[in-house]
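Below is structure-v3.txt, holding compact mmCIF, C-alpha atoms and all ligand atoms.
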# COMPACT_ATOMS: atom_id res chain seq x y z
CA MET A 112 17.22 -11.66 1.95
CA ARG A 113 16.39 -8.65 4.13
CA ALA A 114 14.76 -9.52 7.46
CA GLN A 115 11.55 -7.70 8.39
CA GLY A 116 12.30 -4.82 10.74
CA ALA A 117 16.06 -4.95 10.16
CA ARG A 118 18.02 -1.68 10.13
CA LYS A 119 20.81 -1.28 7.64
CA GLY A 120 24.27 -0.80 9.09
CA LEU A 121 23.62 -2.47 12.47
CA PRO A 122 25.29 -5.76 13.40
CA ALA A 123 22.88 -8.66 13.85
CA ILE A 124 22.93 -12.00 15.67
CA VAL A 125 21.15 -14.46 13.37
CA PHE A 126 19.89 -17.89 14.38
CA LEU A 127 17.53 -20.53 13.05
CA GLY A 128 14.48 -21.19 15.23
CA ARG A 129 13.08 -24.68 15.80
CA ASN A 130 10.05 -23.65 13.75
CA GLY A 131 12.25 -23.19 10.67
CA LEU A 132 12.13 -19.37 10.73
CA LEU A 133 15.24 -17.27 10.67
CA TYR A 134 15.52 -14.82 13.58
CA ALA A 135 17.80 -11.82 13.87
CA ILE A 136 18.37 -9.62 16.88
CA GLN A 137 19.89 -6.19 16.42
CA VAL A 138 21.06 -4.19 19.40
CA ALA A 139 21.61 -0.47 19.25
CA ARG A 140 22.69 1.93 21.99
CA VAL A 141 20.65 5.10 21.72
CA GLN A 142 20.05 8.07 23.99
CA SER A 143 16.81 9.43 22.58
CA PRO A 144 13.87 8.39 20.36
CA ALA A 145 14.97 10.88 17.72
CA GLN A 146 18.41 9.28 17.57
CA ALA A 147 16.76 5.92 16.90
CA GLY A 148 14.55 7.42 14.21
CA ILE A 149 11.48 6.97 16.43
CA PRO A 150 9.23 10.00 16.89
CA ASP A 151 8.60 11.07 20.46
CA GLY A 152 5.08 11.10 21.85
CA PRO A 153 2.70 8.88 23.81
CA PHE A 154 1.99 6.74 20.77
CA PHE A 155 5.58 5.67 20.29
CA TRP A 156 7.37 6.25 23.56
CA PRO A 157 8.38 4.73 25.92
CA ARG A 158 9.38 1.51 24.18
CA PRO A 159 12.32 -0.85 24.63
CA MET A 160 15.38 0.92 23.34
CA SER A 161 18.22 -1.37 24.35
CA CYS A 162 16.99 -4.00 21.88
CA ASN A 163 15.24 -1.83 19.34
CA LEU A 164 14.57 -4.37 16.65
CA LEU A 165 13.57 -7.99 16.68
CA ALA A 166 13.50 -9.03 13.07
CA ARG A 167 12.12 -12.17 11.54
CA GLY A 168 12.29 -13.26 7.94
CA ARG A 169 11.82 -16.15 5.57
CA ASP A 170 14.19 -17.04 2.76
CA ASN A 171 11.41 -17.63 0.26
CA VAL A 172 9.59 -14.31 0.68
CA SER A 173 9.93 -11.59 -1.88
CA ARG A 174 7.64 -8.63 -2.12
CA THR A 175 8.29 -6.73 -5.34
CA PRO A 176 7.87 -2.99 -4.71
CA PHE A 177 4.49 -1.83 -6.03
CA LEU A 178 4.26 1.86 -6.91
CA ALA A 179 0.72 2.91 -7.70
CA GLY A 180 -0.70 6.27 -8.67
CA ASN A 181 -4.20 7.34 -7.70
CA TRP A 182 -5.32 10.02 -10.12
CA LYS A 183 -8.62 10.68 -8.34
CA MET A 184 -10.89 12.88 -10.54
CA TYR A 185 -8.10 14.14 -12.79
CA LYS A 186 -7.36 13.47 -16.48
CA THR A 187 -9.47 12.61 -19.49
CA GLY A 188 -8.66 9.65 -21.75
CA PRO A 189 -6.44 11.70 -24.11
CA GLU A 190 -4.67 13.28 -21.11
CA ALA A 191 -4.04 9.80 -19.71
CA VAL A 192 -2.51 8.72 -23.02
CA ALA A 193 -0.25 11.80 -23.11
CA PHE A 194 0.89 11.05 -19.54
CA ILE A 195 1.71 7.43 -20.34
CA GLU A 196 3.63 8.34 -23.51
CA ALA A 197 5.79 10.74 -21.48
CA PHE A 198 6.12 8.33 -18.54
CA LYS A 199 7.18 5.21 -20.47
CA PRO A 200 10.74 6.28 -21.35
CA LEU A 201 11.30 7.61 -17.83
CA VAL A 202 10.75 4.19 -16.19
CA GLY A 203 12.15 1.89 -18.89
CA ASN A 204 11.57 -1.82 -18.43
CA LEU A 205 10.50 -1.55 -14.77
CA SER A 206 12.92 -4.18 -13.57
CA GLY A 207 12.54 -5.06 -9.88
CA ARG A 208 9.33 -3.08 -9.40
CA GLU A 209 5.75 -2.79 -10.56
CA ALA A 210 4.17 0.49 -11.61
CA ALA A 211 0.43 1.03 -11.65
CA LEU A 212 -1.99 3.87 -12.36
CA GLY A 213 -5.49 4.09 -10.88
CA VAL A 214 -7.26 6.23 -13.46
CA PRO A 215 -10.83 7.57 -13.79
CA ALA A 216 -13.22 4.93 -15.16
CA THR A 217 -13.64 6.91 -18.37
CA ALA A 218 -9.88 6.71 -19.07
CA ILE A 219 -9.29 3.00 -18.32
CA PHE A 220 -9.68 1.82 -21.90
CA GLN A 221 -7.42 4.41 -23.52
CA ALA A 222 -4.85 4.21 -20.71
CA ALA A 223 -4.69 0.42 -20.98
CA GLN A 224 -4.18 0.65 -24.75
CA ALA A 225 -1.39 3.20 -24.30
CA ALA A 226 0.27 1.07 -21.59
CA ALA A 227 -0.02 -2.25 -23.46
CA GLY A 228 3.28 -4.13 -23.52
CA THR A 229 5.01 -1.80 -21.03
CA GLY A 230 4.25 -3.63 -17.78
CA ILE A 231 2.45 -0.53 -16.43
CA LEU A 232 -0.73 -1.80 -14.82
CA ILE A 233 -3.88 0.26 -15.28
CA GLY A 234 -6.59 0.14 -12.65
CA ALA A 235 -9.93 1.49 -11.51
CA GLN A 236 -10.41 3.63 -8.41
CA ASN A 237 -13.64 1.95 -7.38
CA ILE A 238 -16.15 -0.73 -8.37
CA TRP A 239 -19.55 -1.81 -7.12
CA TYR A 240 -19.71 -5.37 -5.81
CA GLU A 241 -22.77 -6.66 -7.70
CA LYS A 242 -22.25 -8.23 -11.11
CA GLU A 243 -24.88 -6.01 -12.77
CA GLY A 244 -28.19 -4.33 -11.99
CA ALA A 245 -29.96 -1.04 -11.38
CA TYR A 246 -27.01 0.81 -9.83
CA THR A 247 -26.92 4.09 -11.70
CA GLY A 248 -23.43 5.46 -12.17
CA GLU A 249 -21.62 2.36 -10.93
CA ILE A 250 -19.32 -0.09 -12.72
CA SER A 251 -18.76 -3.77 -11.87
CA ALA A 252 -15.46 -5.59 -11.50
CA ALA A 253 -16.11 -7.33 -14.84
CA MET A 254 -16.74 -3.99 -16.58
CA ALA A 255 -13.51 -2.51 -15.20
CA LYS A 256 -11.61 -5.60 -16.28
CA ALA A 257 -13.14 -5.65 -19.78
CA ALA A 258 -12.10 -2.00 -20.19
CA GLY A 259 -8.48 -2.95 -19.42
CA ALA A 260 -8.13 -2.68 -15.63
CA GLY A 261 -5.77 -5.06 -13.84
CA PHE A 262 -6.34 -3.74 -10.34
CA VAL A 263 -8.83 -1.71 -8.35
CA ILE A 264 -8.48 0.61 -5.38
CA ILE A 265 -11.05 -0.29 -2.70
CA GLY A 266 -12.04 1.62 0.44
CA HIS A 267 -10.05 4.79 -0.21
CA SER A 268 -10.63 7.23 2.65
CA GLU A 269 -12.26 9.72 0.25
CA ARG A 270 -14.86 7.08 -0.64
CA ARG A 271 -15.36 6.22 3.02
CA GLN A 272 -15.69 9.91 3.89
CA TYR A 273 -17.78 11.31 1.00
CA TYR A 274 -19.72 8.27 -0.22
CA GLY A 275 -20.36 6.31 2.98
CA GLU A 276 -18.20 3.32 2.02
CA THR A 277 -18.37 0.81 4.89
CA ASP A 278 -16.10 -2.07 5.88
CA GLU A 279 -18.87 -4.39 4.70
CA TRP A 280 -18.84 -2.85 1.21
CA VAL A 281 -15.05 -3.01 1.17
CA ASN A 282 -15.26 -6.71 1.98
CA LYS A 283 -17.82 -7.37 -0.76
CA LYS A 284 -15.85 -5.33 -3.29
CA LEU A 285 -12.68 -7.22 -2.40
CA LYS A 286 -14.47 -10.52 -3.06
CA ALA A 287 -15.94 -9.21 -6.34
CA ALA A 288 -12.54 -7.95 -7.52
CA ALA A 289 -10.73 -11.18 -6.62
CA ALA A 290 -13.42 -13.28 -8.33
CA GLU A 291 -12.84 -11.29 -11.52
CA GLY A 292 -9.04 -11.59 -11.33
CA LEU A 293 -8.45 -7.93 -10.46
CA VAL A 294 -5.75 -7.13 -7.89
CA PRO A 295 -7.61 -5.53 -4.97
CA VAL A 296 -5.73 -2.63 -3.35
CA VAL A 297 -7.56 -2.21 -0.05
CA CYS A 298 -7.01 1.07 1.81
CA VAL A 299 -7.09 1.45 5.58
CA GLY A 300 -6.05 4.37 7.76
CA GLU A 301 -6.84 6.38 10.84
CA SER A 302 -8.00 10.00 11.06
CA LEU A 303 -6.05 12.63 12.97
CA ALA A 304 -8.56 12.52 15.84
CA GLU A 305 -8.20 8.75 16.04
CA ARG A 306 -4.41 8.98 16.09
CA GLU A 307 -4.45 11.70 18.72
CA SER A 308 -6.84 9.74 20.92
CA GLY A 309 -4.53 6.71 20.77
CA SER A 310 -6.93 4.49 18.82
CA THR A 311 -4.85 4.06 15.65
CA PHE A 312 -4.23 0.33 16.10
CA LYS A 313 -7.84 -0.33 17.08
CA VAL A 314 -9.10 1.46 13.93
CA LEU A 315 -6.58 -0.29 11.66
CA GLU A 316 -7.40 -3.71 13.08
CA SER A 317 -11.12 -3.20 12.77
CA GLN A 318 -10.91 -1.89 9.16
CA LEU A 319 -8.58 -4.69 8.07
CA ARG A 320 -10.51 -7.46 9.82
CA GLY A 321 -13.74 -6.06 8.33
CA ALA A 322 -12.21 -6.15 4.84
CA LEU A 323 -10.96 -9.72 5.33
CA ASP A 324 -14.19 -11.24 6.63
CA GLY A 325 -14.60 -14.64 4.93
CA ILE A 326 -11.40 -14.21 2.89
CA THR A 327 -9.23 -17.32 2.62
CA PRO A 328 -5.45 -17.28 2.03
CA GLU A 329 -6.23 -18.47 -1.51
CA ILE A 330 -8.53 -15.50 -2.26
CA ALA A 331 -6.00 -13.18 -0.58
CA LYS A 332 -3.13 -14.20 -2.88
CA PRO A 333 -3.26 -11.13 -5.15
CA LEU A 334 -4.30 -8.78 -2.31
CA VAL A 335 -2.42 -5.53 -1.72
CA ILE A 336 -3.06 -3.38 1.37
CA ALA A 337 -2.50 0.39 1.43
CA TYR A 338 -1.93 2.07 4.79
CA GLU A 339 -3.07 5.64 4.27
CA PRO A 340 -3.31 7.78 7.39
CA VAL A 341 -6.15 10.16 6.54
CA TRP A 342 -4.29 13.10 8.05
CA ALA A 343 -1.46 12.61 5.53
CA ILE A 344 -3.55 12.41 2.34
CA GLY A 345 -3.28 15.51 0.16
CA THR A 346 -2.09 17.55 3.15
CA GLY A 347 1.64 17.56 2.50
CA LYS A 348 2.10 15.96 5.95
CA THR A 349 3.82 12.61 5.54
CA ALA A 350 4.00 10.04 8.30
CA THR A 351 7.63 9.60 9.28
CA ALA A 352 9.23 6.41 8.03
CA ALA A 353 9.21 5.09 11.61
CA GLN A 354 5.51 5.96 12.12
CA ALA A 355 4.60 4.24 8.85
CA GLN A 356 6.77 1.20 9.61
CA GLU A 357 5.13 0.79 13.01
CA ALA A 358 1.65 0.80 11.43
CA HIS A 359 2.75 -1.55 8.63
CA ALA A 360 4.28 -4.04 11.06
CA PHE A 361 1.06 -3.92 13.07
CA LEU A 362 -1.04 -4.54 9.93
CA ARG A 363 1.18 -7.46 8.97
CA GLY A 364 0.53 -8.92 12.40
CA VAL A 365 -3.23 -8.60 11.83
CA LEU A 366 -2.82 -10.28 8.44
CA ALA A 367 -0.90 -13.11 10.13
CA LYS A 368 -3.67 -13.63 12.69
CA ALA A 369 -6.36 -13.56 10.00
CA LEU A 370 -4.66 -15.47 7.17
CA GLY A 371 -1.53 -17.11 8.61
CA THR A 372 2.10 -16.04 8.48
CA GLN A 373 2.74 -17.32 4.97
CA SER A 374 0.08 -15.04 3.48
CA ALA A 375 1.05 -12.16 5.77
CA ASP A 376 4.68 -12.41 4.66
CA ALA A 377 3.68 -12.38 0.98
CA ILE A 378 1.06 -9.60 0.97
CA ARG A 379 2.39 -6.19 0.00
CA ILE A 380 1.53 -3.26 2.22
CA LEU A 381 1.84 0.14 0.52
CA TYR A 382 2.17 3.47 2.28
CA GLY A 383 0.05 6.37 1.04
CA GLY A 384 -0.07 9.97 2.23
CA SER A 385 1.89 12.78 0.57
CA VAL A 386 4.54 10.49 -0.91
CA LYS A 387 6.90 12.63 -3.01
CA PRO A 388 10.16 12.01 -4.89
CA ASP A 389 12.13 13.28 -1.90
CA ASN A 390 10.59 11.01 0.75
CA ALA A 391 9.88 7.83 -1.23
CA LYS A 392 13.28 6.27 -0.69
CA ALA A 393 13.25 6.65 3.10
CA LEU A 394 9.74 5.22 3.34
CA LEU A 395 10.51 2.31 1.05
CA SER A 396 13.67 1.47 2.98
CA GLU A 397 11.53 0.32 5.91
CA ALA A 398 11.20 -3.44 6.19
CA ASP A 399 7.40 -3.63 6.00
CA ILE A 400 6.80 -0.85 3.45
CA ASP A 401 6.46 -2.61 0.12
CA GLY A 402 5.45 0.26 -2.11
CA ALA A 403 3.44 3.45 -2.26
CA LEU A 404 -0.01 4.70 -3.23
CA VAL A 405 0.56 8.17 -4.58
CA GLY A 406 -2.01 10.90 -5.26
CA GLY A 407 -0.76 14.40 -6.13
CA ALA A 408 2.78 13.39 -7.08
CA ALA A 409 1.46 10.80 -9.56
CA LEU A 410 -0.17 13.45 -11.75
CA LYS A 411 3.10 14.49 -13.41
CA PRO A 412 5.11 11.89 -15.37
CA ASP A 413 8.42 13.19 -14.04
CA SER A 414 7.57 13.16 -10.33
CA PHE A 415 5.82 9.77 -10.50
CA ALA A 416 8.76 8.32 -12.46
CA GLN A 417 11.13 9.54 -9.74
CA ILE A 418 9.02 7.69 -7.17
CA VAL A 419 8.94 4.54 -9.30
CA ASN A 420 12.74 4.85 -9.63
CA PHE A 421 13.05 5.51 -5.87
CA ASP A 422 16.20 3.41 -5.47
CA LYS A 423 18.07 4.55 -8.58
C1 LIG B 1 -4.09 9.15 -2.26
O1 LIG B 1 -4.82 9.71 -3.06
O2 LIG B 1 -4.30 7.96 -1.97
C2 LIG B 1 -2.98 9.90 -1.68
C3 LIG B 1 -2.17 9.28 -0.85
O3 LIG B 1 -2.86 11.20 -2.05
P1 LIG B 1 -1.57 12.15 -1.81
O4 LIG B 1 -0.36 11.38 -2.25
O5 LIG B 1 -1.81 13.35 -2.63
O6 LIG B 1 -1.51 12.43 -0.34
Serialized structure, C-alpha cells:
Amino acid sequence: MRAQGARKGLPAIVFLGRNGLLYAIQVARVQSPAQAGIPDGPFFWPRPMSCNLLARGRDNVSRTPFLAGNWKMYKTGPEAVAFIEAFKPLVGNLSGREAALGVPATAIFQAAQAAAGTGILIGAQNIWYEKEGAYTGEISAAMAKAAGAGFVIIGHSERRQYYGETDEWVNKKLKAAAAEGLVPVVCVGESLAERESGSTFKVLESQLRGALDGITPEIAKPLVIAYEPVWAIGTGKTATAAQAQEAHAFLRGVLAKALGTQSADAIRILYGGSVKPDNAKALLSEADIDGALVGGAALKPDSFAQIVNFDK
C-alpha cells in the first residue's frame, strides 16, 4: 500500500485512527520550497514546511494506472490500424496498467478491431447526450459503443473553448456515457489567466461539481477524471509534479465531498498537459496522479509506449 501524499524515502509515523483509516505523518526539514519540490509563488507558498505531508490511505484501495492517448483530429482508420500494430509489441500484456486510445469517430471501428484481445481500450473523443435525433454531425453514446468504444473523453478544454461545451453538457454526457456502459473520462482544468489570478481551485471545484450534478457513487464507479491545465495542453509547458499533485489532491477532496471518501479514493485522476516520455515517471510517482491523458506524444507508437511503460 502507498499512502496518498506520501514521499518516497522519508521516514513515516503510521497509526490507525478510530475511524478505521490508516494515517501517516512524514516530517522533512527543508530550507526552501524548491528543496521540497514545491514551486515558489503566491499559489503555493507560504505553506507549512516543517510537516510537509499528511498522508492518509486505505488498505483496500488500488487505482491501476490509466494511460490514455487523445489523438484529436489526427489519423484515418487505416492509420489507426498501423499505429496499433506497431504499438502492440511495445507494450506487451499491459500488466499493472491500462492503455487507452481516444481516436476520431471515423476510426473507432477499425481501431477496436485491431486492438481486439490486446487489452488496449479504444474510445471516442466526444458524444452528444441524447439517444438519437436531429443533431447533424453528432454521435450518441450507444453509437460510439456499437462501433467499439469502451470509453469517451468528455469536456476536453478544446471542446469547451471552440464548441461552447458547458458544465451542464458535460454532466449530461457523463450520464449518457455511464448509462451506456462507457467509461467517462471527464476533463477539468484552469486557464493561465485563472491560475495567475489565483482562482484555480475555484474553477476546478465549479467544473467538477457541475459535472457531478445528480451523480451517485454507483453511477460514478467507472468515472475517470483528467486534470488538464489549459496552459499546459499542446504548449510544451508541463505542470510540475508538485503543481499537478496539489491540484489532484484538491480534486480528490471535491470528489470526497460530492461522493464520499470511498468513491473519491477509488476514482482515478489523470494528469494531462504536455506529458512526454521524459516527464511521465515523475508525474506518475505523485500519490494522487493515477495516469495520464496524452495528446501529441500519443501520436507515435514509440513515444506513447514509453509513457505506458513509464515505470519500466
Ligand atoms: C490533450 O490533448 O488532452 C493533451 C494533454 O495534449 P498534449 O499532451 O499535446 O498537451
With a distance cut-off of 9 Å and only C-alpha atoms, select the neighbouring residues of segment 198-214 of chain A, excluding the residue or stretch itself and same-chain residues fewer than 6 positions from it, and output the selection as a PDB file with C-alpha atoms, keeping the file's coordinate frame.
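Resulting contents of selection28.pdb:
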ATOM      1  CA  THR A 175       8.290  -6.730  -5.340  1.00  0.00           C
ATOM      2  CA  PRO A 176       7.870  -2.990  -4.710  1.00  0.00           C
ATOM      3  CA  PHE A 177       4.490  -1.830  -6.030  1.00  0.00           C
ATOM      4  CA  LEU A 178       4.260   1.860  -6.910  1.00  0.00           C
ATOM      5  CA  ALA A 179       0.720   2.910  -7.700  1.00  0.00           C
ATOM      6  CA  GLY A 180      -0.700   6.270  -8.670  1.00  0.00           C
ATOM      7  CA  ASN A 181      -4.200   7.340  -7.700  1.00  0.00           C
ATOM      8  CA  TRP A 182      -5.320  10.020 -10.120  1.00  0.00           C
ATOM      9  CA  LYS A 183      -8.620  10.680  -8.340  1.00  0.00           C
ATOM     10  CA  MET A 184     -10.890  12.880 -10.540  1.00  0.00           C
ATOM     11  CA  TYR A 185      -8.100  14.140 -12.790  1.00  0.00           C
ATOM     12  CA  LYS A 186      -7.360  13.470 -16.480  1.00  0.00           C
ATOM     13  CA  ALA A 191      -4.040   9.800 -19.710  1.00  0.00           C
ATOM     14  CA  ALA A 222      -4.850   4.210 -20.710  1.00  0.00           C
ATOM     15  CA  ALA A 226       0.270   1.070 -21.590  1.00  0.00           C
ATOM     16  CA  THR A 229       5.010  -1.800 -21.030  1.00  0.00           C
ATOM     17  CA  GLY A 230       4.250  -3.630 -17.780  1.00  0.00           C
ATOM     18  CA  ILE A 231       2.450  -0.530 -16.430  1.00  0.00           C
ATOM     19  CA  LEU A 232      -0.730  -1.800 -14.820  1.00  0.00           C
ATOM     20  CA  ILE A 233      -3.880   0.260 -15.280  1.00  0.00           C
ATOM     21  CA  GLY A 234      -6.590   0.140 -12.650  1.00  0.00           C
ATOM     22  CA  ALA A 235      -9.930   1.490 -11.510  1.00  0.00           C
ATOM     23  CA  GLN A 236     -10.410   3.630  -8.410  1.00  0.00           C
ATOM     24  CA  ALA A 260      -8.130  -2.680 -15.630  1.00  0.00           C
ATOM     25  CA  GLY A 261      -5.770  -5.060 -13.840  1.00  0.00           C
ATOM     26  CA  PHE A 262      -6.340  -3.740 -10.340  1.00  0.00           C
ATOM     27  CA  VAL A 263      -8.830  -1.710  -8.350  1.00  0.00           C
ATOM     28  CA  ILE A 264      -8.480   0.610  -5.380  1.00  0.00           C
ATOM     29  CA  GLY A 402       5.450   0.260  -2.110  1.00  0.00           C
ATOM     30  CA  ALA A 409       1.460  10.800  -9.560  1.00  0.00           C
ATOM     31  CA  LYS A 411       3.100  14.490 -13.410  1.00  0.00           C
ATOM     32  CA  PRO A 412       5.110  11.890 -15.370  1.00  0.00           C
ATOM     33  CA  ASP A 413       8.420  13.190 -14.040  1.00  0.00           C
ATOM     34  CA  PHE A 415       5.820   9.770 -10.500  1.00  0.00           C
ATOM     35  CA  ALA A 416       8.760   8.320 -12.460  1.00  0.00           C
ATOM     36  CA  GLN A 417      11.130   9.540  -9.740  1.00  0.00           C
ATOM     37  CA  VAL A 419       8.940   4.540  -9.300  1.00  0.00           C
ATOM     38  CA  ASN A 420      12.740   4.850  -9.630  1.00  0.00           C
TER      39      ASN A 420
END
Env. residues ligand LIG 1 (chain B) / 9 Å / only C-alpha atoms and all ligand atoms / as a ChimeraX atom specification: /A:180-183,267-269,298,337,339-349,382-387,403-409
For Ala355 of chain A: contacts at 9 Å, only C-alpha atoms, fewer than 5 positions along chain excluded, given as a list of chain:residue names: A:Tyr338, A:Pro340, A:Ala350, A:Ala360, A:Tyr382, A:Leu394, A:Glu397, A:Asp399, A:Ile400
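Atom pair atom CA of Val192 of chain A / atom CA of Gln221 of chain A: separated by 6.6 Å.
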Atomic distance atom CA of Val296 of chain A - atom CA of Lys368 of chain A, expressed in Å with one decimal: 19.6 Å
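Distance check against Lys392 of chain A using all atoms listed in the file: of A:Ala352, A:Leu410, A:Leu362, A:Ala288, the minimum falls on A:Ala352.
Here atom CA of Ile418 of chain A and atom CA of Thr187 of chain A stand 22.8 Å from one another.
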Which of A:Glu243, A:Ser317, A:Asp401, A:Pro189 sits closest to Ala225 of chain A [using all atoms listed in the file]: A:Pro189
Option closest in space to Arg271 of chain A, from A:Ala393, A:Val297, A:Ala398, A:Leu323 [counting all atoms listed in the file]: A:Val297
